[in-house]
Amino acid sequence: MKVTGYELFQVPPRWLFLKIDTDEGIVGWGEPVVEGRAATVKTAVDELMEYLIGKDPLHIEDHWNVMYRAGFYRGGPILMSAISGIDQALWDIKGKYYNAPVHQLLGGKARESIKVYSWIGGDRPADVGEAAKDMVAKGFTAVKMNGTEELQYVDSYEKIDQVLARIAAVREAVGPHVGIGIDFHGRVHKPMAKILAKELEPFRPMFIEEPVLPENNEALRDIANHVAIPIATGERMYSKWDFKKLLTDGYVDIIQPDLSHAGGITECKKIISMAEAFDVAAAPHCPLGPIALASCLQVDATCHNAFIQEQSLGIHYNQGSDLLDYIVDKQVFEYEDGYVKIPNGPGLGIEINEEHVRTMAEVGHNWRNPVWRHKDGSIAEW
């Protein structure tokens with residue numbers, strides 16, 4: 001079997017899909033994208049696919065190493081996201097070739113289903129109490145929200161109090177036992193992160209996410225020694241080498257590699273297995289489309305330390321186009337009592353509605369994240 005060609009589809013709300021063709025008629029789908037840089041990743045995919053045309057798609061480990069190691073300059077969000085989507089599509093082809101789900105080729109399932117959480121609120125979180133109550137009514141047992149708006153390196157306790165009021169509203173709405181993930185989104189610098197994390201302890205969050213930017217992961221030591229809340233990070237880390245120091249330092253409790261950013265199925269399986277050796281849990285990052293989610297679930301199925309999965313159904317980014325719009329069998333992502341079953345179909349376990357993909361690619365998108373500024377005019381972290 002040989003790779004004969006590929007197509008890329010930039011589709012709303014902010015996704016990029018990849019279809020790889022073979023001479024045996026088997027096709028694979030991947031989702032190579034950086035949110036806000038879809039066109040840049042698209043160009044990187046074009047460059048990397050030169051290595052694969054005419055090659056046997058089943059040799060995934062070799063293809064991964066060629067795409068990564070044959071480039072003298074490597075790593076980072078653009079190149080690793082391009083590799084990620086290609087890798088997903090290759091696994092989809094391999095599963096279809098052997099008529100088996102990817103998880104079977106990775107060693108088989110360690111679980112039949114996995115807990116999922118739902119986003120509430122938006123970039124600037126509002127009405128989170130009612131939104132959380134709605135999600136619990138739909139069966140979710142865990143939610144996640146942005147904790148803050150923009151914060152200066154040292155900011156006011158008024159803003160801290162506003163965060164606490166929002167979290168209090170969520171906790172009051174859902175009761176004491178629903179999990180609440182609080183995403184700091186890298187918006188909080190070390191001085192305020194210590195204050196905020198300590199103040200949040202009484203609400204017993206499921207985790208705090210990216211309490212500082214990944215460039216400043218050394219600050220996790222002070223936060224971990226300061227509070228008992230589990231610390232999660234990793235959505236902006238792109239390879240096993242990026243995660244190595246994070247794990248050996250010992251100040252993270254949950255890693256969140258993104259299967260569309262951190263090297264795809266091949267690399268994220270390794271990253272999550274590395275974390276297991278450090279008694280660290282995994283909750284893969286996935287505010288993206290159906291191919292990314294299907295890839296996550298295939299890896300989650302095989303990893304003992306995966307405990308919850310992010311998913312984007314109804315997220316504030318997905319206005320006008322949502323997760324289920326691009327797949328044929330919408331029941332494959334049917335959530336029940338806050339869990340989703342691991343897909344057992346061949347490959348990634350989903351069938352893409354190619355006609356809809358082509359229609360929406362005509363619409364396209366040019367999504368960018370907002371640019372925030374502080375009151376003094378300086379740029380703020382989004």
# chains A, B, ... in the order shown; residues from 1 in each chain; ligands from 1

$ residues_around --residues "Val371 in chain A" --least-positions-apart "4" --cutoff "9 Å" --atoms "only C-alpha atoms" --output "list of chain:residue names"
A:Ile379, A:Ala380, A:Glu381, A:Trp382

$ residues_around --residues "range 103-114 of chain A" --least-positions-apart "4" --cutoff "10 Å" --atoms "only C-alpha atoms" --output "number ranges by chain"
A: 91, 94-95, 98, 265-266, 269, 295, 297-309, 335-336, 338-344, 346-349

$ write_last_selection --atoms "C-alpha atoms" --output "JSON list (two decimals), in the first residue's frame"
[["chain", "number", "residue", "atom", "x", "y", "z"],
["A", 91, "TRP", "CA", -3.18, 5.55, 12.37],
["A", 94, "LYS", "CA", -3.64, 1.45, 9.65],
["A", 95, "GLY", "CA", -6.71, 0.65, 11.72],
["A", 98, "TYR", "CA", -6.42, -4.25, 9.72],
["A", 265, "ILE", "CA", -1.17, 9.46, 18.72],
["A", 266, "THR", "CA", 2.39, 8.13, 18.47],
["A", 269, "LYS", "CA", 0.89, 7.68, 23.97],
["A", 295, "SER", "CA", -7.70, 10.35, 18.49],
["A", 297, "LEU", "CA", -10.22, 8.53, 23.01],
["A", 298, "GLN", "CA", -8.14, 5.90, 21.22],
["A", 299, "VAL", "CA", -5.14, 6.82, 23.37],
["A", 300, "ASP", "CA", -7.20, 7.28, 26.56],
["A", 301, "ALA", "CA", -8.44, 3.72, 26.11],
["A", 302, "THR", "CA", -4.93, 2.33, 26.48],
["A", 303, "CYS", "CA", -3.55, 4.56, 29.26],
["A", 304, "HIS", "CA", -4.20, 3.60, 32.87],
["A", 305, "ASN", "CA", -3.50, 7.13, 34.15],
["A", 306, "ALA", "CA", -5.95, 8.92, 31.81],
["A", 307, "PHE", "CA", -8.86, 9.94, 34.05],
["A", 308, "ILE", "CA", -10.90, 12.55, 32.19],
["A", 309, "GLN", "CA", -11.19, 13.90, 28.64],
["A", 335, "TYR", "CA", -22.34, 11.14, 26.53],
["A", 336, "GLU", "CA", -24.06, 9.18, 29.28],
["A", 338, "GLY", "CA", -20.78, 12.14, 32.24],
["A", 339, "TYR", "CA", -18.90, 9.41, 30.34],
["A", 340, "VAL", "CA", -18.29, 8.58, 26.69],
["A", 341, "LYS", "CA", -17.67, 5.07, 25.39],
["A", 342, "ILE", "CA", -14.42, 4.33, 23.58],
["A", 343, "PRO", "CA", -15.15, 4.06, 19.81],
["A", 344, "ASN", "CA", -14.64, 0.52, 18.56],
["A", 346, "PRO", "CA", -11.89, 0.59, 12.56],
["A", 347, "GLY", "CA", -9.20, 3.25, 12.66],
["A", 348, "LEU", "CA", -10.17, 6.26, 14.74],
["A", 349, "GLY", "CA", -13.68, 4.84, 15.06]]

$ select_by_dssp --residues "range 199-361 of chain A" --states "alpha helix (DSSP H)" --output "PyMOL selection string"
chain A and resi 199-200+220-224+240-249+264-276+290-300+354-361

$ residues_around --residues "range 159-162 of chain A" --least-positions-apart "6" --cutoff "9 Å" --atoms "only C-alpha atoms" --output "ChimeraX atom specification"
/A:148-149,151,192,195-196,199

$ write_last_selection --atoms "C-alpha atoms" --output "compact mmCIF listing (two decimals), in the first residue's frame"
# COMPACT_ATOMS: atom_id res chain seq x y z
CA THR A 148 -9.88 35.08 35.33
CA GLU A 149 -9.88 37.89 32.87
CA LEU A 151 -4.30 40.13 35.31
CA MET A 192 -0.94 36.60 41.70
CA ILE A 195 -2.62 34.29 45.98
CA LEU A 196 -5.36 33.01 43.72
CA GLU A 199 -7.88 31.53 47.94

$ closest_residue --among "A:Ala132, A:Val34, A:Leu247, A:Ile26" --to "Ile93 in chain A" --atoms "only C-alpha atoms"
A:Ile26

$ residues_around --residues "Val45 in chain A" --least-positions-apart "6" --cutoff "9 Å" --atoms "only C-alpha atoms" --output "list in words"
Leu8, Leu18, Pro32, Leu79, Ser81, Ala82, Ile83, Gly85 and Ile86 of chain A

$ write_last_selection --atoms "N, CA and C atoms" --output "PDB file, in the first residue's frame"
ATOM      1  N   LEU A   8      -6.284  19.093   2.178  1.00  0.00           N
ATOM      2  CA  LEU A   8      -6.457  19.845   3.417  1.00  0.00           C
ATOM      3  C   LEU A   8      -7.721  20.680   3.323  1.00  0.00           C
ATOM      4  N   LEU A  18      -7.249  17.018   7.542  1.00  0.00           N
ATOM      5  CA  LEU A  18      -6.360  16.417   6.560  1.00  0.00           C
ATOM      6  C   LEU A  18      -6.920  15.067   6.133  1.00  0.00           C
ATOM      7  N   PRO A  32      -4.631  18.479  11.891  1.00  0.00           N
ATOM      8  CA  PRO A  32      -3.406  19.228  12.198  1.00  0.00           C
ATOM      9  C   PRO A  32      -3.712  20.717  12.289  1.00  0.00           C
ATOM     10  N   LEU A  79       5.275  22.935  13.679  1.00  0.00           N
ATOM     11  CA  LEU A  79       5.766  21.674  13.133  1.00  0.00           C
ATOM     12  C   LEU A  79       5.152  20.476  13.843  1.00  0.00           C
ATOM     13  N   SER A  81       2.283  20.295  15.399  1.00  0.00           N
ATOM     14  CA  SER A  81       0.865  20.162  15.067  1.00  0.00           C
ATOM     15  C   SER A  81       0.693  19.565  13.671  1.00  0.00           C
ATOM     16  N   ALA A  82       1.567  19.937  12.751  1.00  0.00           N
ATOM     17  CA  ALA A  82       1.524  19.335  11.416  1.00  0.00           C
ATOM     18  C   ALA A  82       1.809  17.842  11.499  1.00  0.00           C
ATOM     19  N   ILE A  83       2.838  17.462  12.254  1.00  0.00           N
ATOM     20  CA  ILE A  83       3.136  16.043  12.461  1.00  0.00           C
ATOM     21  C   ILE A  83       1.954  15.335  13.107  1.00  0.00           C
ATOM     22  N   GLY A  85      -1.349  15.867  12.997  1.00  0.00           N
ATOM     23  CA  GLY A  85      -2.467  15.542  12.117  1.00  0.00           C
ATOM     24  C   GLY A  85      -2.117  14.457  11.114  1.00  0.00           C
ATOM     25  N   ILE A  86      -0.884  14.487  10.613  1.00  0.00           N
ATOM     26  CA  ILE A  86      -0.454  13.430   9.700  1.00  0.00           C
ATOM     27  C   ILE A  86      -0.423  12.091  10.427  1.00  0.00           C
TER      28      ILE A  86
END

$ closest_residue --among "A:Ala277, A:Val154, A:Ile350, A:Met80" --to "Ile291 in chain A" --atoms "only C-alpha atoms"
A:Ile350

$ atom_distance --atom1 "CA of Leu16 in chain A" --atom2 "CA of Lys42 in chain A"
7.6 Å

$ atom_distance --atom1 "CA of Pro191 in chain A" --atom2 "CA of Glu218 in chain A"
13.3 Å

$ select_by_dssp --residues "range 160-248 of chain A" --states "strand (DSSP E)" --output "PyMOL selection string"
chain A and resi 179-183+207-209+231-233

$ write_last_selection --atoms "N, CA and C atoms" --output "PDB file, in the first residue's frame"
ATOM      1  N   GLY A 179     -16.933  17.944  39.877  1.00  0.00           N
ATOM      2  CA  GLY A 179     -15.580  18.431  39.636  1.00  0.00           C
ATOM      3  C   GLY A 179     -15.580  19.768  38.932  1.00  0.00           C
ATOM      4  N   ILE A 180     -14.732  20.690  39.386  1.00  0.00           N
ATOM      5  CA  ILE A 180     -14.591  22.003  38.761  1.00  0.00           C
ATOM      6  C   ILE A 180     -13.128  22.202  38.380  1.00  0.00           C
ATOM      7  N   GLY A 181     -12.871  22.239  37.087  1.00  0.00           N
ATOM      8  CA  GLY A 181     -11.546  22.603  36.616  1.00  0.00           C
ATOM      9  C   GLY A 181     -11.484  24.099  36.397  1.00  0.00           C
ATOM     10  N   ILE A 182     -10.455  24.732  36.908  1.00  0.00           N
ATOM     11  CA  ILE A 182     -10.325  26.192  36.814  1.00  0.00           C
ATOM     12  C   ILE A 182      -9.081  26.505  35.987  1.00  0.00           C
ATOM     13  N   ASP A 183      -9.316  27.044  34.789  1.00  0.00           N
ATOM     14  CA  ASP A 183      -8.235  27.312  33.851  1.00  0.00           C
ATOM     15  C   ASP A 183      -7.710  28.725  34.062  1.00  0.00           C
ATOM     16  N   PHE A 207      -8.955  20.652  39.611  1.00  0.00           N
ATOM     17  CA  PHE A 207      -7.574  21.049  39.321  1.00  0.00           C
ATOM     18  C   PHE A 207      -7.558  22.531  38.977  1.00  0.00           C
ATOM     19  N   ILE A 208      -6.378  23.120  39.068  1.00  0.00           N
ATOM     20  CA  ILE A 208      -6.126  24.423  38.458  1.00  0.00           C
ATOM     21  C   ILE A 208      -5.201  24.179  37.266  1.00  0.00           C
ATOM     22  N   GLU A 209      -5.516  24.840  36.143  1.00  0.00           N
ATOM     23  CA  GLU A 209      -4.832  24.563  34.878  1.00  0.00           C
ATOM     24  C   GLU A 209      -3.977  25.746  34.458  1.00  0.00           C
ATOM     25  N   ILE A 231      -2.412  20.350  40.313  1.00  0.00           N
ATOM     26  CA  ILE A 231      -1.964  21.286  39.280  1.00  0.00           C
ATOM     27  C   ILE A 231      -1.898  20.558  37.956  1.00  0.00           C
ATOM     28  N   ALA A 232      -2.525  21.175  36.928  1.00  0.00           N
ATOM     29  CA  ALA A 232      -2.536  20.607  35.578  1.00  0.00           C
ATOM     30  C   ALA A 232      -1.865  21.578  34.613  1.00  0.00           C
ATOM     31  N   THR A 233      -1.133  21.037  33.648  1.00  0.00           N
ATOM     32  CA  THR A 233      -0.543  21.865  32.598  1.00  0.00           C
ATOM     33  C   THR A 233      -0.113  20.969  31.440  1.00  0.00           C
TER      34      THR A 233
END

$ residues_around --residues "Gly250 in chain A" --least-positions-apart "3" --cutoff "9 Å" --atoms "only C-alpha atoms" --output "list in words"
Arg221, Lys245, Leu246, Leu247, Asp253, Phe278 and Val280 of chain A

$ residues_around --residues "Val357 in chain A" --least-positions-apart "5" --cutoff "8 Å" --atoms "only C-alpha atoms" --output "PyMOL selection string"
chain A and resi 9+11+326+352

$ write_last_selection --atoms "C-alpha atoms" --output "tab-separated table (two decimals), in the first residue's frame"
chain	number	residue	atom	x	y	z
A	9	PHE	CA	-9.75	21.46	4.47
A	11	VAL	CA	-13.35	24.41	8.07
A	326	TYR	CA	-18.76	16.72	10.59
A	352	ILE	CA	-16.23	11.78	8.49

$ residues_around --residues "Gly71 in chain A" --least-positions-apart "3" --cutoff "12 Å" --atoms "only C-alpha atoms" --output "PyMOL selection string"
chain A and resi 44+47-48+51+64-68+74-75+79-80+83

$ write_last_selection --atoms "N, CA and C atoms" --output "mmCIF file, in the first residue's frame"
data_model
loop_
_atom_site.group_PDB
_atom_site.id
_atom_site.type_symbol
_atom_site.label_atom_id
_atom_site.label_comp_id
_atom_site.auth_asym_id
_atom_site.auth_seq_id
_atom_site.Cartn_x
_atom_site.Cartn_y
_atom_site.Cartn_z
ATOM 1 N N ALA A 44 2.967 23.880 6.680
ATOM 2 C CA ALA A 44 3.885 22.888 7.250
ATOM 3 C C ALA A 44 3.486 21.473 6.842
ATOM 4 N N GLU A 47 4.703 20.761 3.381
ATOM 5 C CA GLU A 47 6.135 20.453 3.346
ATOM 6 C C GLU A 47 6.418 19.036 3.843
ATOM 7 N N LEU A 48 5.775 18.639 4.944
ATOM 8 C CA LEU A 48 6.050 17.329 5.536
ATOM 9 C C LEU A 48 5.509 16.182 4.690
ATOM 10 N N TYR A 51 7.593 13.913 2.346
ATOM 11 C CA TYR A 51 8.283 12.705 2.816
ATOM 12 C C TYR A 51 7.445 11.444 2.643
ATOM 13 N N TRP A 64 7.120 9.077 11.529
ATOM 14 C CA TRP A 64 7.168 10.091 12.601
ATOM 15 C C TRP A 64 8.601 10.589 12.779
ATOM 16 N N ASN A 65 9.539 9.647 12.833
ATOM 17 C CA ASN A 65 10.930 10.029 13.059
ATOM 18 C C ASN A 65 11.521 10.786 11.873
ATOM 19 N N VAL A 66 11.105 10.430 10.668
ATOM 20 C CA VAL A 66 11.564 11.187 9.511
ATOM 21 C C VAL A 66 11.049 12.621 9.584
ATOM 22 N N MET A 67 9.745 12.778 9.849
ATOM 23 C CA MET A 67 9.177 14.133 9.906
ATOM 24 C C MET A 67 9.815 14.965 11.013
ATOM 25 N N TYR A 68 10.148 14.321 12.135
ATOM 26 C CA TYR A 68 10.716 15.057 13.265
ATOM 27 C C TYR A 68 12.230 15.232 13.124
ATOM 28 N N ARG A 74 13.527 21.678 14.762
ATOM 29 C CA ARG A 74 12.396 20.800 15.054
ATOM 30 C C ARG A 74 11.657 21.282 16.295
ATOM 31 N N GLY A 75 10.467 20.690 16.501
ATOM 32 C CA GLY A 75 9.677 21.025 17.681
ATOM 33 C C GLY A 75 8.836 22.280 17.480
ATOM 34 N N LEU A 79 5.275 22.935 13.679
ATOM 35 C CA LEU A 79 5.766 21.674 13.133
ATOM 36 C C LEU A 79 5.152 20.476 13.843
ATOM 37 N N MET A 80 5.031 20.541 15.169
ATOM 38 C CA MET A 80 4.498 19.394 15.894
ATOM 39 C C MET A 80 3.000 19.208 15.635
ATOM 40 N N ILE A 83 2.838 17.462 12.254
ATOM 41 C CA ILE A 83 3.136 16.043 12.461
ATOM 42 C C ILE A 83 1.954 15.335 13.107
#

$ closest_residue --among "A:Asp87, A:Pro176, A:Glu24, A:Glu235" --to "Asp62 in chain A" --atoms "only C-alpha atoms"
A:Asp87

$ closest_residue --among "A:Ala38, A:Val174, A:Ile20, A:Val188" --to "Arg368 in chain A" --atoms "only C-alpha atoms"
A:Ala38

$ closest_residue --among "A:Gly5, A:Pro202, A:Gly121, A:Gly234" --to "Glu215 in chain A" --atoms "only C-alpha atoms"
A:Gly234
